Amino acid sequence: RRSSDLHYFSQQGTAAFRPDVQVLDAQGRIMVIDAKTSLADYIEACNSGCDEAARKAHLAAHAALLERQIRTLHNAGYVRKLRQENPDKEYLDIVGLFIPSDAAYAAALAEKPSLWQLAKDFNIILVSPQTLLGYLTVVSLAWRQATAEKNQLEIARQGELLLKYVNSFLVAVENLGKTLEKAQEEYQTLKKSLTESSREQNIVRPAKKLMALGIRLEERNAKKRSMFLDDSSTAG
């Protein structure tokens, strides 16, 4: 699926194995993001009011739940399974664990700072709305840059083809002009050969004489036919 300048896949896979989101970057690499973290304990901590003990207990439970989620995500082996199912695709080694609240994200790390290192050891990055937005912004900018570069390459390719076609057309026009010029020269040469005085003695004048003789011969024959007809009518 493509949304603006982001390419991503949501809820793809089998029922037992279905990452929440897969983000495709401009280099063709895919990052898997899991978004199954619960905020129930954090919400309870926020609602504890003046009960400090209850608040601390809920925050500890919130951090413990996030730790379990990190280990569960690591054991799920999303990247390994996706690579087996799609050997033609490139998956990043890092998997994102999305925590749907910046405050809940900060509270869990404040309660148990070692969660960040634990996630890092498992090739998992803890992602809050703010950090996810930053990552997606970088991906979006990279896609825009890649699209612009692709368009520039296509413009250059089409321009090169156009120049080739124009050059071929100009060459054909030039050749046609040369052919017409040559035909005109041959025409003028032929015309001169018929009208020049030296040639006229050999071609034009004899032709005119033949035409004149032909006309005279025809006139004589016509007169003979007329005389024959007159004699015939007299004899009758």
# chains A, B, ... in the order shown; residues from 1 in each chain; ligands from 1
call {"tool": "select_by_dssp", "arguments": {"residues": "stretch 111-153 of chain A", "states": "helix (DSSP H, G or I)", "output": "ChimeraX atom specification"}}
result
/A:111,114-121,129-153
call {"tool": "select_by_dssp", "arguments": {"residues": "stretch 28-225 of chain A", "states": "strand (DSSP E or B)", "output": "list in words"}}
result
Arg29, Ile30, Met31, Val32, Ile33, Asp34, Glu90, Tyr91, Leu92, Asp93, Ile94, Val95, Gly96, Leu97, Phe98, Ile124, Ile125, Leu126 and Val127 of chain A
call {"tool": "closest_residue", "arguments": {"among": "A:Leu162, A:Ile30, A:Ala110, A:Val95", "to": "A:Tyr78", "atoms": "only C-alpha atoms"}}
result
A:Val95
call {"tool": "residues_around", "arguments": {"residues": "A:Lys56", "least_positions_apart": "6", "cutoff": "12 Å", "atoms": "only C-alpha atoms", "output": "VMD selection string"}}
result
chain A and resid 41 to 42 44 to 50 62 to 63 107 to 108 110 to 112
call {"tool": "write_last_selection", "arguments": {"atoms": "all heavy atoms", "output": "tab-separated table (two decimals), in the first residue's frame"}}
result
chain	number	residue	atom	x	y	z
A	41	ASP	N	-1.75	-0.77	32.58
A	41	ASP	CA	-1.10	-0.45	33.86
A	41	ASP	C	-0.70	1.01	33.93
A	41	ASP	O	-0.78	1.63	35.00
A	41	ASP	CB	0.13	-1.34	34.06
A	41	ASP	CG	-0.25	-2.79	34.34
A	41	ASP	OD1	-1.04	-3.02	35.27
A	41	ASP	OD2	0.23	-3.67	33.61
A	42	TYR	N	-0.27	1.57	32.82
A	42	TYR	CA	0.10	2.99	32.83
A	42	TYR	C	-1.12	3.86	33.08
A	42	TYR	O	-1.05	4.84	33.84
A	42	TYR	CB	0.75	3.36	31.50
A	42	TYR	CG	1.05	4.83	31.38
A	42	TYR	CD1	2.09	5.40	32.10
A	42	TYR	CD2	0.24	5.66	30.60
A	42	TYR	CE1	2.35	6.77	32.03
A	42	TYR	CE2	0.49	7.03	30.52
A	42	TYR	CZ	1.55	7.58	31.24
A	42	TYR	OH	1.79	8.93	31.17
A	44	GLU	N	-3.76	3.00	34.77
A	44	GLU	CA	-4.08	2.83	36.20
A	44	GLU	C	-3.17	3.69	37.07
A	44	GLU	O	-3.60	4.27	38.06
A	44	GLU	CB	-3.95	1.36	36.60
A	44	GLU	CG	-5.04	0.47	36.02
A	44	GLU	CD	-6.42	0.81	36.56
A	44	GLU	OE1	-6.51	1.30	37.71
A	44	GLU	OE2	-7.41	0.62	35.83
A	45	ALA	N	-1.90	3.77	36.67
A	45	ALA	CA	-0.96	4.59	37.43
A	45	ALA	C	-1.37	6.06	37.36
A	45	ALA	O	-1.28	6.80	38.35
A	45	ALA	CB	0.45	4.41	36.90
A	46	CYS	N	-1.81	6.49	36.20
A	46	CYS	CA	-2.24	7.88	36.03
A	46	CYS	C	-3.51	8.17	36.84
A	46	CYS	O	-3.75	9.31	37.26
A	46	CYS	CB	-2.49	8.18	34.56
A	46	CYS	SG	-0.98	8.17	33.55
A	47	ASN	N	-4.31	7.14	37.06
A	47	ASN	CA	-5.57	7.32	37.78
A	47	ASN	C	-5.44	7.05	39.28
A	47	ASN	O	-6.45	7.04	40.00
A	47	ASN	CB	-6.64	6.38	37.20
A	47	ASN	CG	-7.01	6.76	35.76
A	47	ASN	OD1	-6.93	7.94	35.38
A	47	ASN	ND2	-7.44	5.78	34.98
A	48	SER	N	-4.23	6.83	39.74
A	48	SER	CA	-4.03	6.50	41.17
A	48	SER	C	-4.20	7.71	42.07
A	48	SER	O	-4.34	7.56	43.31
A	48	SER	CB	-2.63	5.90	41.38
A	48	SER	OG	-2.50	4.69	40.67
A	49	GLY	N	-4.13	8.87	41.50
A	49	GLY	CA	-4.33	10.07	42.31
A	49	GLY	C	-3.22	10.25	43.33
A	49	GLY	O	-2.04	10.23	42.99
A	50	CYS	N	-3.61	10.40	44.59
A	50	CYS	CA	-2.63	10.64	45.65
A	50	CYS	C	-2.05	9.36	46.23
A	50	CYS	O	-1.20	9.41	47.13
A	50	CYS	CB	-3.28	11.45	46.79
A	50	CYS	SG	-3.84	13.10	46.25
A	62	HIS	N	3.73	-1.80	34.59
A	62	HIS	CA	3.82	-1.28	33.21
A	62	HIS	C	5.19	-1.60	32.61
A	62	HIS	O	5.29	-2.09	31.47
A	62	HIS	CB	3.57	0.22	33.23
A	62	HIS	CG	3.82	0.90	31.92
A	62	HIS	ND1	3.18	0.55	30.74
A	62	HIS	CD2	4.67	1.93	31.60
A	62	HIS	CE1	3.61	1.34	29.76
A	62	HIS	NE2	4.53	2.18	30.26
A	63	ALA	N	6.26	-1.36	33.37
A	63	ALA	CA	7.62	-1.65	32.90
A	63	ALA	C	7.82	-3.15	32.73
A	63	ALA	O	8.46	-3.60	31.77
A	63	ALA	CB	8.64	-1.07	33.86
A	107	ALA	N	7.73	6.83	30.85
A	107	ALA	CA	7.50	6.29	32.19
A	107	ALA	C	8.12	4.91	32.34
A	107	ALA	O	8.70	4.58	33.40
A	107	ALA	CB	6.00	6.25	32.46
A	108	ALA	N	8.01	4.07	31.31
A	108	ALA	CA	8.57	2.72	31.39
A	108	ALA	C	10.09	2.78	31.49
A	108	ALA	O	10.70	2.05	32.30
A	108	ALA	CB	8.15	1.92	30.16
A	110	ALA	N	11.86	5.31	32.59
A	110	ALA	CA	12.21	5.91	33.88
A	110	ALA	C	12.13	4.88	35.00
A	110	ALA	O	12.95	4.88	35.93
A	110	ALA	CB	11.29	7.09	34.17
A	111	GLU	N	11.14	4.02	34.91
A	111	GLU	CA	10.97	2.96	35.92
A	111	GLU	C	12.05	1.90	35.80
A	111	GLU	O	12.57	1.39	36.81
A	111	GLU	CB	9.59	2.34	35.77
A	111	GLU	CG	9.28	1.24	36.77
A	111	GLU	CD	9.15	1.78	38.20
A	111	GLU	OE1	8.85	2.99	38.36
A	111	GLU	OE2	9.34	0.99	39.14
A	112	LYS	N	12.42	1.57	34.55
A	112	LYS	CA	13.42	0.52	34.34
A	112	LYS	C	14.29	0.89	33.15
A	112	LYS	O	14.03	0.46	32.01
A	112	LYS	CB	12.73	-0.83	34.12
A	112	LYS	CG	13.65	-2.02	34.29
A	112	LYS	CD	12.85	-3.31	34.34
A	112	LYS	CE	13.76	-4.49	34.68
A	112	LYS	NZ	13.01	-5.76	34.79
call {"tool": "atom_distance", "arguments": {"atom1": "atom CA of A:Ala103", "atom2": "atom CA of A:Gln130"}}
result
10.4 Å
